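K.L.:
Handing over work-v1.cif, mmCIF, C-alpha atoms.
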```cif
data_run
loop_
_atom_site.label_atom_id
_atom_site.label_comp_id
_atom_site.auth_asym_id
_atom_site.auth_seq_id
_atom_site.Cartn_x
_atom_site.Cartn_y
_atom_site.Cartn_z
CA MET A 73 85.80 133.07 89.47
CA MET A 74 87.62 136.04 90.95
CA GLY A 75 86.32 138.52 88.34
CA ASP A 76 82.59 138.23 89.02
CA PRO A 77 82.41 139.51 92.61
CA THR A 78 85.02 142.18 92.00
CA GLU A 79 83.58 143.66 88.83
CA GLU A 80 79.83 143.07 89.09
CA LEU A 81 79.26 143.51 92.82
CA ASN A 82 82.29 145.60 93.78
CA LEU A 83 83.40 142.90 96.24
CA THR A 84 86.77 141.30 96.77
CA ALA A 85 87.47 137.58 96.70
CA SER A 86 90.40 135.49 97.85
CA ALA A 87 91.16 131.99 96.66
CA GLY A 88 93.57 129.30 97.76
CA VAL A 89 94.68 126.33 95.70
CA ALA A 90 96.45 123.46 97.44
CA PRO A 91 96.62 119.66 97.63
CA ASN A 92 93.79 119.49 100.20
CA LYS A 93 90.95 121.45 101.80
CA PHE A 94 92.87 122.43 104.96
CA LEU A 95 95.84 123.80 103.03
CA ALA A 96 93.57 125.56 100.50
CA LYS A 97 91.81 127.33 103.38
CA LEU A 98 95.17 128.51 104.73
CA ALA A 99 96.17 129.60 101.24
CA SER A 100 92.94 131.57 100.75
CA ASP A 101 93.68 133.50 103.95
CA TRP A 102 97.22 134.27 102.79
CA ARG A 103 96.51 136.96 100.22
CA LYS A 104 93.36 138.56 101.64
CA PRO A 105 91.48 140.65 100.87
CA ASP A 106 91.78 140.14 97.14
CA GLY A 107 94.24 137.57 95.88
CA LEU A 108 95.11 134.08 94.80
CA PHE A 109 97.69 131.92 96.56
CA VAL A 110 98.81 128.49 95.35
CA ILE A 111 100.61 125.86 97.44
CA GLN A 112 102.23 123.27 95.20
CA PRO A 113 102.61 119.74 96.66
CA ASP A 114 106.41 120.14 96.84
CA ASP A 115 106.01 123.45 98.70
CA VAL A 116 103.73 122.24 101.52
CA ASP A 117 106.47 121.88 104.15
CA GLY A 118 108.07 125.19 103.24
CA PHE A 119 104.72 126.93 103.67
CA LEU A 120 103.35 124.99 106.64
CA LEU A 121 106.26 124.40 109.02
CA PRO A 122 107.13 128.04 109.83
CA LEU A 123 103.50 128.97 110.60
CA THR A 124 102.50 129.62 114.19
CA VAL A 125 100.28 126.90 115.63
CA GLY A 126 97.52 129.49 116.02
CA ARG A 127 97.04 129.42 112.23
CA LEU A 128 95.80 125.81 112.38
CA PRO A 129 92.01 125.35 112.31
CA GLY A 130 90.62 124.58 115.74
CA VAL A 131 93.59 126.09 117.57
CA GLY A 132 92.18 129.00 119.55
CA LYS A 133 93.77 131.05 122.28
CA VAL A 134 93.49 128.36 124.95
CA THR A 135 94.98 125.57 122.79
CA GLU A 136 97.72 127.87 121.55
CA GLU A 137 98.64 128.86 125.11
CA LYS A 138 98.78 125.22 126.14
CA LEU A 139 101.04 124.44 123.18
CA VAL A 140 103.30 127.40 124.03
CA LYS A 141 103.61 126.05 127.59
CA LEU A 142 104.85 122.84 125.95
CA ALA A 143 107.41 124.97 124.04
CA ILE A 144 105.51 124.51 120.78
CA LYS A 145 105.08 127.74 118.83
CA THR A 146 105.33 126.65 115.19
CA VAL A 147 103.81 123.89 113.12
CA GLY A 148 107.34 122.56 112.60
CA GLU A 149 107.77 122.17 116.36
CA LEU A 150 104.33 120.57 116.61
CA ARG A 151 105.33 118.06 113.95
CA GLY A 152 108.10 116.85 116.26
CA LEU A 153 105.56 115.50 118.77
CA ASP A 154 104.17 112.00 118.42
CA SER A 155 100.47 111.30 118.16
CA SER A 156 100.17 109.53 121.52
CA PHE A 157 101.61 112.54 123.36
CA LEU A 158 99.26 114.92 121.55
CA GLU A 159 96.28 112.66 122.20
CA HIS A 160 97.16 112.54 125.90
CA GLN A 161 97.41 116.34 126.04
CA PHE A 162 94.43 117.28 123.85
CA GLY A 163 92.22 114.22 123.55
CA ARG A 164 90.90 113.35 120.11
CA PHE A 165 91.86 116.80 118.84
CA GLY A 166 95.50 115.87 119.48
CA LEU A 167 95.26 113.31 116.67
CA ARG A 168 93.91 116.00 114.37
CA LEU A 169 96.80 118.30 115.35
CA HIS A 170 99.21 115.50 114.47
CA GLU A 171 97.67 115.22 110.98
CA LEU A 172 97.49 118.97 110.38
CA ALA A 173 101.15 119.41 111.32
CA ARG A 174 101.92 117.00 108.47
CA GLY A 175 99.59 118.71 106.01
CA ILE A 176 97.19 115.75 106.08
CA ASP A 177 93.49 116.41 105.55
CA ASP A 178 91.19 113.85 103.96
CA SER A 179 88.03 115.94 104.22
CA LYS A 180 86.21 116.42 100.94
CA VAL A 181 85.06 119.67 99.44
CA VAL A 182 81.30 119.42 98.99
CA PRO A 183 79.92 122.39 97.07
CA ASP A 184 76.37 123.55 97.67
CA ARG A 185 75.80 121.20 100.56
CA PRO A 186 72.91 121.98 102.91
CA THR A 187 73.69 123.33 106.34
CA LYS A 188 73.87 120.41 108.77
CA SER A 189 74.21 122.39 111.95
CA ILE A 190 74.21 125.89 113.31
CA PHE A 191 76.53 126.76 116.12
CA SER A 192 78.14 129.56 118.01
CA GLU A 193 81.16 129.19 120.23
CA ASP A 194 83.41 131.23 122.44
CA THR A 195 86.63 130.67 124.33
CA PHE A 196 86.87 132.46 127.64
CA GLU A 197 90.04 134.22 128.79
CA GLN A 198 89.79 132.32 132.08
CA ASP A 199 87.77 129.40 133.35
CA ALA A 200 84.36 130.52 134.57
CA PRO A 201 82.32 128.89 137.32
CA MET A 202 79.13 127.34 135.93
CA ALA A 203 77.04 129.71 138.07
CA GLU A 204 78.49 132.65 136.09
CA THR A 205 78.01 131.24 132.59
CA GLU A 206 74.30 131.94 132.07
CA PRO A 207 74.78 135.37 130.38
CA MET A 208 77.44 133.86 128.12
CA ILE A 209 75.23 130.90 127.23
CA ARG A 210 72.30 133.24 126.53
CA ARG A 211 74.43 135.35 124.15
CA LEU A 212 75.58 132.25 122.26
CA ALA A 213 72.06 130.85 122.16
CA GLU A 214 70.74 134.15 120.76
CA ARG A 215 73.29 133.97 117.94
CA VAL A 216 72.23 130.42 117.12
CA TRP A 217 68.56 131.37 117.30
CA ALA A 218 69.08 134.32 114.92
CA ALA A 219 70.90 132.08 112.43
CA SER A 220 68.26 129.34 112.72
CA ARG A 221 65.50 131.78 111.77
CA LYS A 222 66.99 131.88 108.26
CA GLU A 223 66.59 128.10 107.85
CA THR A 224 63.46 126.37 106.58
CA ARG A 225 64.22 123.09 108.34
CA ILE A 226 62.99 122.16 111.81
CA ALA A 227 65.45 121.76 114.66
CA ARG A 228 65.83 118.26 116.05
CA THR A 229 68.50 118.55 118.74
CA VAL A 230 70.01 121.28 120.85
CA VAL A 231 73.38 120.53 122.41
CA LEU A 232 75.43 122.48 124.88
CA LYS A 233 79.05 121.42 124.80
CA LEU A 234 81.42 122.64 127.46
CA LYS A 235 85.14 122.10 127.43
CA THR A 236 87.24 122.50 130.55
CA SER A 237 90.76 123.89 130.66
CA GLU A 238 91.96 120.28 130.60
CA PHE A 239 90.14 119.82 127.26
CA GLN A 240 87.63 117.35 128.66
CA ASP A 241 84.24 117.49 126.97
CA SER A 242 81.22 117.83 129.17
CA HIS A 243 77.72 117.16 127.88
CA PRO A 244 75.04 118.04 130.44
CA GLU A 245 71.68 116.33 130.26
CA PRO A 246 69.93 117.29 127.01
CA TYR A 247 68.07 120.60 127.31
CA SER A 248 68.95 121.00 131.01
CA ILE A 249 70.67 124.36 130.61
CA PHE A 250 69.57 125.33 127.11
CA SER A 251 65.88 124.72 127.79
CA SER A 252 65.67 127.87 129.86
CA VAL A 253 67.60 129.76 127.21
CA LEU A 254 65.95 128.66 123.97
CA LEU A 255 62.46 127.56 124.84
CA ARG A 256 61.11 130.58 126.71
#
```
As structure tokens, please, write out the structure in this file.
P.N.:
Amino acid sequence: MMGDPTEELNLTASAGVAPNKFLAKLASDWRKPDGLFVIQPDDVDGFLLPLTVGRLPGVGKVTEEKLVKLAIKTVGELRGLDSSFLEHQFGRFGLRLHELARGIDDSKVVPDRPTKSIFSEDTFEQDAPMAETEPMIRRLAERVWAASRKETRIARTVVLKLKTSEFQDSHPEPYSIFSSVLLR
């Protein structure tokens, strides 16, 4: 697997082997740009617990800062929090954090699956008033539009998802903001 891209195309490849998809992804990032890293089942805690929480999927700058304010910098410290506390602080994602801190991931690896959705996202350094978000939304919409042009399928739904600093999801009326961005 690793020989083909390196020798034939002069590309590098990294691979991670682990008990589940989440840990394999972390492992594949461990020896970039060109390496193999294996996490044995008995080594999961030794690998996972010292990591900074920012290494967990879905933990961006805002989530990491909120965790740091709660005195949580490592996965080991995160593991010390119970699921109800994390759910209260982060909503449904708090439950996912609880699982990830324990190395739990039941998602399946599905090779060659068709693309189900196209998205682009950004986390702002500071909260932005809605009136100031149009250029940001346009930039994200342009990225999605460019990616969608490579697909042969027809779009069915366009969703704009906003998340406040309190991690509350906001779903405006369908097409209300995006209609002026995508359908011009």
K.L.:
Written as a PyMOL selection string, which residues does the PyMOL selection byres ((chain A and resi 227) around 12) give for the file shown?
P.N.:
chain A and resi 187-190+216-217+219-221+223-226+228-231+254
K.L.:
To one decimal place in Å, what is the distance between CA of Met208 (chain A) and CA of Thr135 (chain A)?
P.N.:
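Between these atoms lies a distance of 20.1 Å.
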K.L.:
Quick check on the file I pasted: which residues fall under the PyMOL selection byres ((chain A and resi 88) around 6)? Write them as a list in words.
P.N.:
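Expected selection for the PyMOL selection byres ((chain A and resi 88) around 6) here is Ala87, Val89, Ala96, Ala99, Ser100, Leu108, Phe109 and Val110 of chain A.
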K.L.:
Which residues match the PyMOL selection byres ((chain A and resi 123) around 12) in the file above, as a list of chain:residue names?
P.N.:
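When the PyMOL selection byres ((chain A and resi 123) around 12) is applied, the selected residues are A:Leu95, A:Leu98, A:Ala99, A:Trp102, A:Val116, A:Asp117, A:Gly118, A:Phe119, A:Leu120, A:Leu121, A:Pro122, A:Thr124, A:Val125, A:Gly126, A:Arg127, A:Leu128, A:Ile144, A:Lys145, A:Thr146, A:Val147, A:Gly148, A:Glu149, A:Leu150, A:Arg151, A:Leu172, A:Ala173, A:Gly175.
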K.L.:
Provide the CA of Phe157 (chain A) to CA of Lys180 (chain A) distance in Å, to one decimal place.
P.N.:
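About the pair CA of Phe157 (chain A) and CA of Lys180 (chain A): they are 27.5 Å apart.
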K.L.:
Rounded to one decimal place, report the CA of Glu214 (chain A)-CA of Asp184 (chain A) distance in Å.
P.N.:
26.0 Å
K.L.:
Could you check the closest approach to Asp194 (chain A) for each of A:Lys233, A:Arg164, A:Arg103, A:Lys97 and tell me which residue wins, using all atoms listed in the file?
P.N.:
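Ranking A:Lys233, A:Arg164, A:Arg103, A:Lys97 by distance to Asp194 (chain A), first place goes to A:Lys233.
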K.L.:
Kindly extract all protein, DNA and RNA residues lying within 12 Å of the coordinates (94.9, 116.5, 120.1) given in the file, considering all atoms listed in the file, and supply them as a PDB file with C-alpha atoms, in the coordinates of the input.
P.N.:
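The resulting result-v1.pdb:
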```pdb
ATOM      1  CA  GLY A 130      90.620 124.580 115.740  1.00  0.00           C
ATOM      2  CA  VAL A 131      93.590 126.090 117.570  1.00  0.00           C
ATOM      3  CA  THR A 135      94.980 125.570 122.790  1.00  0.00           C
ATOM      4  CA  GLU A 136      97.720 127.870 121.550  1.00  0.00           C
ATOM      5  CA  LYS A 138      98.780 125.220 126.140  1.00  0.00           C
ATOM      6  CA  LEU A 139     101.040 124.440 123.180  1.00  0.00           C
ATOM      7  CA  LEU A 150     104.330 120.570 116.610  1.00  0.00           C
ATOM      8  CA  LEU A 153     105.560 115.500 118.770  1.00  0.00           C
ATOM      9  CA  ASP A 154     104.170 112.000 118.420  1.00  0.00           C
ATOM     10  CA  SER A 155     100.470 111.300 118.160  1.00  0.00           C
ATOM     11  CA  SER A 156     100.170 109.530 121.520  1.00  0.00           C
ATOM     12  CA  PHE A 157     101.610 112.540 123.360  1.00  0.00           C
ATOM     13  CA  LEU A 158      99.260 114.920 121.550  1.00  0.00           C
ATOM     14  CA  GLU A 159      96.280 112.660 122.200  1.00  0.00           C
ATOM     15  CA  HIS A 160      97.160 112.540 125.900  1.00  0.00           C
ATOM     16  CA  GLN A 161      97.410 116.340 126.040  1.00  0.00           C
ATOM     17  CA  PHE A 162      94.430 117.280 123.850  1.00  0.00           C
ATOM     18  CA  GLY A 163      92.220 114.220 123.550  1.00  0.00           C
ATOM     19  CA  ARG A 164      90.900 113.350 120.110  1.00  0.00           C
ATOM     20  CA  PHE A 165      91.860 116.800 118.840  1.00  0.00           C
ATOM     21  CA  GLY A 166      95.500 115.870 119.480  1.00  0.00           C
ATOM     22  CA  LEU A 167      95.260 113.310 116.670  1.00  0.00           C
ATOM     23  CA  ARG A 168      93.910 116.000 114.370  1.00  0.00           C
ATOM     24  CA  LEU A 169      96.800 118.300 115.350  1.00  0.00           C
ATOM     25  CA  HIS A 170      99.210 115.500 114.470  1.00  0.00           C
ATOM     26  CA  GLU A 171      97.670 115.220 110.980  1.00  0.00           C
ATOM     27  CA  LEU A 172      97.490 118.970 110.380  1.00  0.00           C
ATOM     28  CA  ALA A 173     101.150 119.410 111.320  1.00  0.00           C
ATOM     29  CA  GLU A 238      91.960 120.280 130.600  1.00  0.00           C
ATOM     30  CA  PHE A 239      90.140 119.820 127.260  1.00  0.00           C
ATOM     31  CA  GLN A 240      87.630 117.350 128.660  1.00  0.00           C
TER      32      GLN A 240
END
```
K.L.:
Which residue, A:Arg210, A:Asp101, A:Thr205, A:Val140, has the smallest gap to Leu234 (chain A) when you use all atoms listed in the file?
P.N.:
A:Thr205
